[in-house]
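Here is the file query-v6.txt (compact mmCIF, C-alpha atoms).
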# COMPACT_ATOMS: atom_id res chain seq x y z
CA PHE A 901 -40.38 -27.91 -39.03
CA ARG A 902 -39.77 -25.98 -35.80
CA LEU A 903 -38.76 -27.95 -32.71
CA PHE A 904 -38.89 -25.88 -29.52
CA CYS A 905 -36.39 -26.49 -26.72
CA HIS A 906 -37.51 -28.91 -24.02
CA ARG A 907 -36.95 -27.43 -20.56
CA GLN A 908 -34.89 -29.91 -18.57
CA SER A 909 -35.80 -30.81 -14.99
CA GLU A 910 -33.80 -29.62 -11.96
CA GLY A 911 -32.36 -33.13 -11.54
CA PHE A 912 -31.74 -33.67 -15.27
CA LYS A 913 -29.60 -36.72 -16.13
CA ASN A 914 -30.27 -37.40 -19.82
CA LEU A 915 -32.70 -37.02 -22.72
CA TRP A 916 -34.82 -40.03 -21.74
CA GLU A 917 -36.91 -37.42 -19.89
CA ALA A 918 -37.36 -35.22 -22.99
CA GLY A 919 -40.87 -35.17 -24.35
CA ASN A 920 -40.10 -33.48 -27.64
CA LEU A 921 -37.54 -35.58 -29.49
CA LEU A 922 -38.49 -35.85 -33.17
CA LEU A 923 -37.44 -39.38 -34.15
CA GLN A 924 -38.01 -42.09 -36.72
CA LYS A 925 -36.96 -45.73 -36.85
CA THR A 926 -33.81 -46.45 -38.79
CA PRO A 927 -34.70 -47.28 -42.40
CA ALA A 928 -31.87 -49.73 -43.22
CA ASP A 929 -28.69 -51.36 -41.94
CA ASN A 930 -26.54 -48.84 -43.86
CA PHE A 931 -27.64 -45.28 -44.57
CA THR A 932 -26.73 -41.60 -44.29
CA ALA A 933 -29.01 -38.96 -42.78
CA THR A 934 -28.31 -35.29 -43.56
CA ALA A 935 -30.15 -32.19 -42.38
CA LYS A 936 -29.94 -28.44 -42.78
CA VAL A 937 -30.90 -26.68 -39.55
CA THR A 938 -30.91 -23.27 -37.92
CA VAL A 939 -30.55 -23.21 -34.13
CA THR A 940 -32.07 -20.13 -32.49
CA ALA A 941 -31.10 -19.34 -28.90
CA LYS A 942 -32.45 -16.57 -26.70
CA ASP A 943 -30.78 -17.78 -23.50
CA GLU A 944 -27.57 -19.43 -22.39
CA GLY A 945 -27.36 -23.21 -22.77
CA GLN A 946 -30.12 -23.67 -25.35
CA TYR A 947 -29.23 -26.20 -28.04
CA GLY A 948 -30.48 -28.24 -30.96
CA GLY A 949 -29.07 -30.93 -33.20
CA LEU A 950 -29.11 -34.38 -34.81
CA ILE A 951 -29.36 -37.50 -32.64
CA CYS A 952 -29.19 -41.29 -32.80
CA PHE A 953 -31.35 -42.44 -29.89
CA GLY A 954 -31.74 -45.76 -28.09
CA MET A 955 -30.71 -47.16 -24.71
CA ASP A 956 -27.41 -45.47 -25.55
CA TYR A 957 -27.47 -42.27 -27.56
CA SER A 958 -25.24 -39.69 -29.14
CA SER A 959 -25.91 -36.38 -30.85
CA ILE A 960 -24.15 -33.40 -32.36
CA VAL A 961 -25.64 -30.09 -31.32
CA LEU A 962 -25.10 -26.35 -31.43
CA ARG A 963 -25.30 -24.89 -27.90
CA ARG A 964 -25.36 -21.18 -27.04
CA VAL A 965 -22.42 -20.23 -24.84
CA GLY A 966 -22.23 -16.47 -24.34
CA ASN A 967 -22.75 -14.85 -27.73
CA GLU A 968 -21.40 -17.80 -29.69
CA PHE A 969 -22.35 -21.39 -30.44
CA LYS A 970 -20.34 -24.43 -29.42
CA LEU A 971 -20.57 -27.53 -31.57
CA GLN A 972 -20.76 -30.37 -29.05
CA GLN A 973 -21.23 -34.09 -28.95
CA ILE A 974 -23.64 -35.22 -26.24
CA SER A 975 -23.43 -38.94 -25.48
CA CYS A 976 -25.01 -41.20 -22.89
CA LYS A 977 -24.33 -44.88 -22.23
CA ALA A 978 -27.16 -46.74 -20.46
CA ALA A 979 -29.51 -43.76 -20.70
CA ASP A 980 -32.41 -46.08 -19.88
CA LYS A 981 -30.70 -46.76 -16.52
CA ASP A 982 -30.67 -43.03 -15.62
CA LYS A 983 -26.95 -42.50 -16.35
CA ALA A 984 -25.61 -38.97 -16.88
CA GLU A 985 -24.63 -37.47 -20.22
CA LYS A 986 -21.08 -36.77 -21.36
CA ILE A 987 -20.59 -33.48 -23.26
CA THR A 988 -17.54 -32.88 -25.47
CA ASP A 989 -16.75 -29.54 -27.15
CA ILE A 990 -15.74 -29.83 -30.82
CA ALA A 991 -15.68 -26.31 -32.31
CA THR A 992 -16.92 -22.75 -31.75
CA PHE A 993 -18.92 -20.69 -34.26
CA LYS A 994 -20.02 -17.08 -34.47
CA PRO A 995 -23.77 -16.63 -35.03
CA THR A 996 -24.97 -16.60 -38.63
CA SER A 997 -27.28 -13.72 -37.67
CA VAL A 998 -28.36 -11.72 -34.61
CA ASP A 999 -31.76 -10.12 -34.01
CA LYS A 1000 -31.76 -6.34 -33.93
CA VAL A 1001 -34.49 -6.01 -31.26
CA SER A 1002 -33.38 -4.54 -27.94
CA TYR A 1003 -35.22 -7.01 -25.67
CA GLN A 1004 -33.57 -10.44 -25.39
CA PRO A 1005 -32.45 -10.80 -28.99
CA SER A 1006 -32.02 -14.25 -30.50
CA ILE A 1007 -28.79 -15.41 -32.04
CA HIS A 1008 -29.02 -17.88 -34.92
CA CYS A 1009 -26.59 -20.40 -36.39
CA ASP A 1010 -27.07 -22.30 -39.66
CA MET A 1011 -25.45 -25.71 -39.95
CA TYR A 1012 -25.60 -28.96 -41.90
CA PHE A 1013 -25.49 -32.11 -39.77
CA ARG A 1014 -24.94 -35.66 -40.98
CA LEU A 1015 -24.78 -39.10 -39.45
CA LYS A 1016 -23.67 -42.25 -41.23
CA VAL A 1017 -24.82 -45.67 -40.06
CA GLU A 1018 -22.77 -48.73 -41.03
CA TYR A 1019 -23.74 -52.28 -40.10
CA ILE A 1020 -20.83 -54.03 -38.32
CA GLY A 1021 -22.56 -57.28 -37.32
CA GLY A 1022 -20.50 -59.73 -35.35
CA THR A 1023 -21.29 -62.58 -32.97
CA THR A 1024 -21.79 -62.89 -29.23
CA ASP A 1025 -19.60 -65.07 -26.99
CA GLU A 1026 -22.30 -67.74 -27.38
CA GLY A 1027 -21.97 -67.64 -31.19
CA GLU A 1028 -25.25 -65.82 -31.85
CA ASN A 1029 -25.46 -63.05 -34.45
CA LYS A 1030 -25.26 -59.49 -33.14
CA HIS A 1031 -27.10 -56.73 -34.95
CA GLU A 1032 -24.82 -53.79 -34.30
CA ALA A 1033 -24.13 -50.67 -36.30
CA LYS A 1034 -21.59 -47.89 -35.97
CA VAL A 1035 -22.78 -44.27 -36.17
CA THR A 1036 -20.35 -41.55 -37.26
CA PHE A 1037 -21.21 -37.83 -37.09
CA PHE A 1038 -20.27 -34.99 -39.46
CA TYR A 1039 -20.92 -31.25 -39.78
CA SER A 1040 -20.61 -28.65 -42.54
CA GLN A 1041 -21.13 -24.92 -42.83
CA ASP A 1042 -21.71 -24.98 -46.59
CA GLY A 1043 -23.43 -28.35 -47.15
CA LYS A 1044 -20.60 -29.51 -49.43
CA LYS A 1045 -17.53 -30.25 -47.30
CA PHE A 1046 -18.45 -32.39 -44.29
CA LYS A 1047 -15.98 -32.85 -41.44
CA PRO A 1048 -16.15 -35.90 -39.16
CA CYS A 1049 -16.63 -35.02 -35.50
CA GLY A 1050 -16.95 -36.65 -32.11
CA GLU A 1051 -16.64 -40.28 -31.18
CA PRO A 1052 -18.53 -43.02 -33.08
CA LEU A 1053 -21.53 -44.61 -31.35
CA THR A 1054 -22.37 -48.30 -31.39
CA MET A 1055 -26.16 -48.27 -31.76
CA ARG A 1056 -28.33 -49.99 -29.17
CA GLN A 1057 -32.03 -50.55 -29.53
CA GLY A 1058 -34.65 -48.59 -27.63
CA LYS A 1059 -37.15 -50.06 -25.15
CA TRP A 1060 -39.93 -51.07 -27.54
CA VAL A 1061 -38.36 -50.72 -30.98
CA GLY A 1062 -34.91 -50.40 -32.50
CA ALA A 1063 -32.72 -47.32 -32.37
CA LYS A 1064 -34.03 -44.14 -33.98
CA VAL A 1065 -32.57 -41.08 -35.69
CA GLY A 1066 -33.87 -37.54 -35.60
CA PHE A 1067 -33.63 -34.27 -33.74
CA CYS A 1068 -33.30 -32.94 -30.21
CA ALA A 1069 -33.65 -29.43 -28.76
CA ALA A 1070 -33.32 -28.57 -25.08
CA GLU A 1071 -32.47 -25.89 -22.53
CA PRO A 1072 -31.40 -25.94 -18.89
CA ALA A 1073 -33.91 -25.89 -16.04
CA GLY A 1074 -35.18 -22.54 -14.82
CA LYS A 1075 -37.04 -19.61 -16.29
CA LYS A 1076 -35.95 -19.01 -19.86
CA VAL A 1077 -37.25 -17.38 -23.00
CA ARG A 1078 -37.63 -20.51 -25.09
CA GLY A 1079 -35.30 -21.20 -28.01
CA TRP A 1080 -35.89 -23.49 -30.98
CA MET A 1081 -34.42 -25.27 -33.97
CA ASP A 1082 -35.78 -24.90 -37.49
CA ILE A 1083 -35.27 -27.97 -39.67
CA ASP A 1084 -35.09 -26.80 -43.27
CA TRP A 1085 -34.78 -30.32 -44.70
CA PHE A 1086 -33.89 -33.89 -43.74
CA LYS A 1087 -32.73 -36.50 -46.28
CA ILE A 1088 -31.85 -40.17 -45.96
CA THR A 1089 -29.63 -41.70 -48.64
CA LYS A 1090 -27.67 -44.95 -49.11

Conversion result in structure tokens:
Amino acid sequence: FRLFCHRQSEGFKNLWEAGNLLLQKTPADNFTATAKVTVTAKDEGQYGGLICFGMDYSSIVLRRVGNEFKLQQISCKAADKDKAEKITDIATFKPTSVDKVSYQPSIHCDMYFRLKVEYIGGTTDEGENKHEAKVTFFYSQDGKKFKPCGEPLTMRQGKWVGAKVGFCAAEPAGKKVRGWMDIDWFKITK
């Protein structure tokens, strides 16, 4: 599947404005989602990655910075209330391949992303059950050895349904030659 970058608005705060998130409801209280992706960037700031999305969200993405890719965690608390994102750099990678064309060549980076959801439950101050889960992110260059990355997210539901998992791809406002992310496969396991 190819997910093209959503062009962010001039006053961009967070991905609640994005019209092209590819998401699905969470399938269980405990599960692992793994994907093999290739992020293709023609311009600075274009990114794509794996996301857990609700009123709070967090994602791991590859973003073009110069002629390299930065692995970043993008998080937002109270996204539904128009709060701004927090971006944390994790690692830097050279492109997997570079186009040979002379006009605005793309750079590409292959990566395996994973998120693990674990039900943590708990009770409120009033003694009611809480339905909370912790999301931990991982990445791998070979699909075999996964390294944990970023800060865990405590999932919060969305507006109409529970939290979702899936993919995001975006680019800064302004005139750009659009980038994209190719999703080779996506698997959910216990």

Quiz item: If we count all atoms listed in the file, what is near Ser1006 (chain A) at a cut-off of 12 Å, once residues fewer than 3 positions away on the same chain are taken out, given as a PyMOL selection string?
Solution: chain A and resi 938-944+946+964+966-968+995-1003+1009+1077-1081

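Taking CA of Leu922 (chain A) and CA of Leu971 (chain A) as endpoints, the distance between them is 19.8 Å.
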
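The set of protein, DNA and RNA residues with any counted atom at most 7 Å from (-28.9, -34.5, -23.9) (all atoms listed in the file) reads A:Asn914, A:Leu915, A:Ile974, A:Glu985.
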
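Each of A:Gly1074, A:Gly911, A:Ser975, A:Ile990 was compared to Ser959 (chain A) using only C-alpha atoms, and A:Ser975 turns out to be the nearest.
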
Quiz prompt | Nearest to Arg1056 (chain A), chosen from A:Leu950, A:Leu962, A:Cys905, A:Ala1033, with only C-alpha atoms counted in the distances | solution = A:Ala1033

Quiz item: Which residue out of A:Cys1068, A:Ile960, A:Val937, A:Ala979 has the minimum interatomic distance to Phe912 (chain A) when only C-alpha atoms are used?
Solution: A:Ala979

Quiz item: What lies within 12 Å of Thr932 (chain A) using all atoms listed in the file, ignoring chain neighbours under 5 positions off, as a PyMOL selection string?
Solution: chain A and resi 926-927+952+1013-1019+1034-1038+1065-1066+1086-1090

Output the selection as a PDB file, in the frame of the given file - C-alpha atoms for each residue.
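Saved result, again_16.pdb, follows:
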ATOM      1  CA  THR A 926     -33.810 -46.450 -38.790  1.00  0.00           C
ATOM      2  CA  PRO A 927     -34.700 -47.280 -42.400  1.00  0.00           C
ATOM      3  CA  CYS A 952     -29.190 -41.290 -32.800  1.00  0.00           C
ATOM      4  CA  PHE A1013     -25.490 -32.110 -39.770  1.00  0.00           C
ATOM      5  CA  ARG A1014     -24.940 -35.660 -40.980  1.00  0.00           C
ATOM      6  CA  LEU A1015     -24.780 -39.100 -39.450  1.00  0.00           C
ATOM      7  CA  LYS A1016     -23.670 -42.250 -41.230  1.00  0.00           C
ATOM      8  CA  VAL A1017     -24.820 -45.670 -40.060  1.00  0.00           C
ATOM      9  CA  GLU A1018     -22.770 -48.730 -41.030  1.00  0.00           C
ATOM     10  CA  TYR A1019     -23.740 -52.280 -40.100  1.00  0.00           C
ATOM     11  CA  LYS A1034     -21.590 -47.890 -35.970  1.00  0.00           C
ATOM     12  CA  VAL A1035     -22.780 -44.270 -36.170  1.00  0.00           C
ATOM     13  CA  THR A1036     -20.350 -41.550 -37.260  1.00  0.00           C
ATOM     14  CA  PHE A1037     -21.210 -37.830 -37.090  1.00  0.00           C
ATOM     15  CA  PHE A1038     -20.270 -34.990 -39.460  1.00  0.00           C
ATOM     16  CA  VAL A1065     -32.570 -41.080 -35.690  1.00  0.00           C
ATOM     17  CA  GLY A1066     -33.870 -37.540 -35.600  1.00  0.00           C
ATOM     18  CA  PHE A1086     -33.890 -33.890 -43.740  1.00  0.00           C
ATOM     19  CA  LYS A1087     -32.730 -36.500 -46.280  1.00  0.00           C
ATOM     20  CA  ILE A1088     -31.850 -40.170 -45.960  1.00  0.00           C
ATOM     21  CA  THR A1089     -29.630 -41.700 -48.640  1.00  0.00           C
ATOM     22  CA  LYS A1090     -27.670 -44.950 -49.110  1.00  0.00           C
TER      23      LYS A1090
END

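Here CA of Gly945 (chain A) is placed at a distance of 10.7 Å from CA of Arg907 (chain A).
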
Quiz item: Which protein, DNA or RNA residues have an atom at most 8 Å from (-31.4, -44.9, -31.6), counting only C-alpha atoms? List them as a list in words.
Solution: Lys925, Thr926, Ile951, Cys952, Phe953, Gly954, Met955, Asp956, Tyr957, Met1055, Arg1056, Gln1057, Gly1058, Gly1062, Ala1063, Lys1064 and Val1065 of chain A

Quiz item: In Å to one decimal, how far is CA of Ala933 (chain A) from CA of Tyr947 (chain A)?
Solution: 19.5 Å

Exercise. Write out as a VMD selection string the residues lying within 6 Å of Val961 (chain A), counting only C-alpha atoms and excluding same-chain residues fewer than 3 positions away.
Key: chain A and resid 948 to 949 971 to 972

Exercise. Select, from A:Glu1032, A:Asp982, A:Glu910, A:Asp989, the residue with the minimum atom-to-atom distance to Asp929 (chain A), counting all atoms listed in the file.
Key: A:Glu1032

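Among A:Val965, A:Ala978, A:Ile1020, A:Met1011, the residue with the shortest atom-to-atom distance to Asn930 (chain A), counting only C-alpha atoms, is A:Ile1020.
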
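Residue nearest Gln1041 (chain A) within the list A:Lys977, A:Lys936, A:Lys986, A:Arg963: A:Lys936 [criterion: smallest interatomic distance, all atoms listed in the file].
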
Could you work out an axis-aligned bounding box for all listed atoms of region 1007-1023 of chain A, with 5 Å added on each of the six sides, and give its centre and edge lengths in Å to one decimal, as AutoDock Vina command-line options?
--center_x -24.8 --center_y -39.0 --center_z -37.0 --size_x 18.5 --size_y 57.2 --size_z 19.9
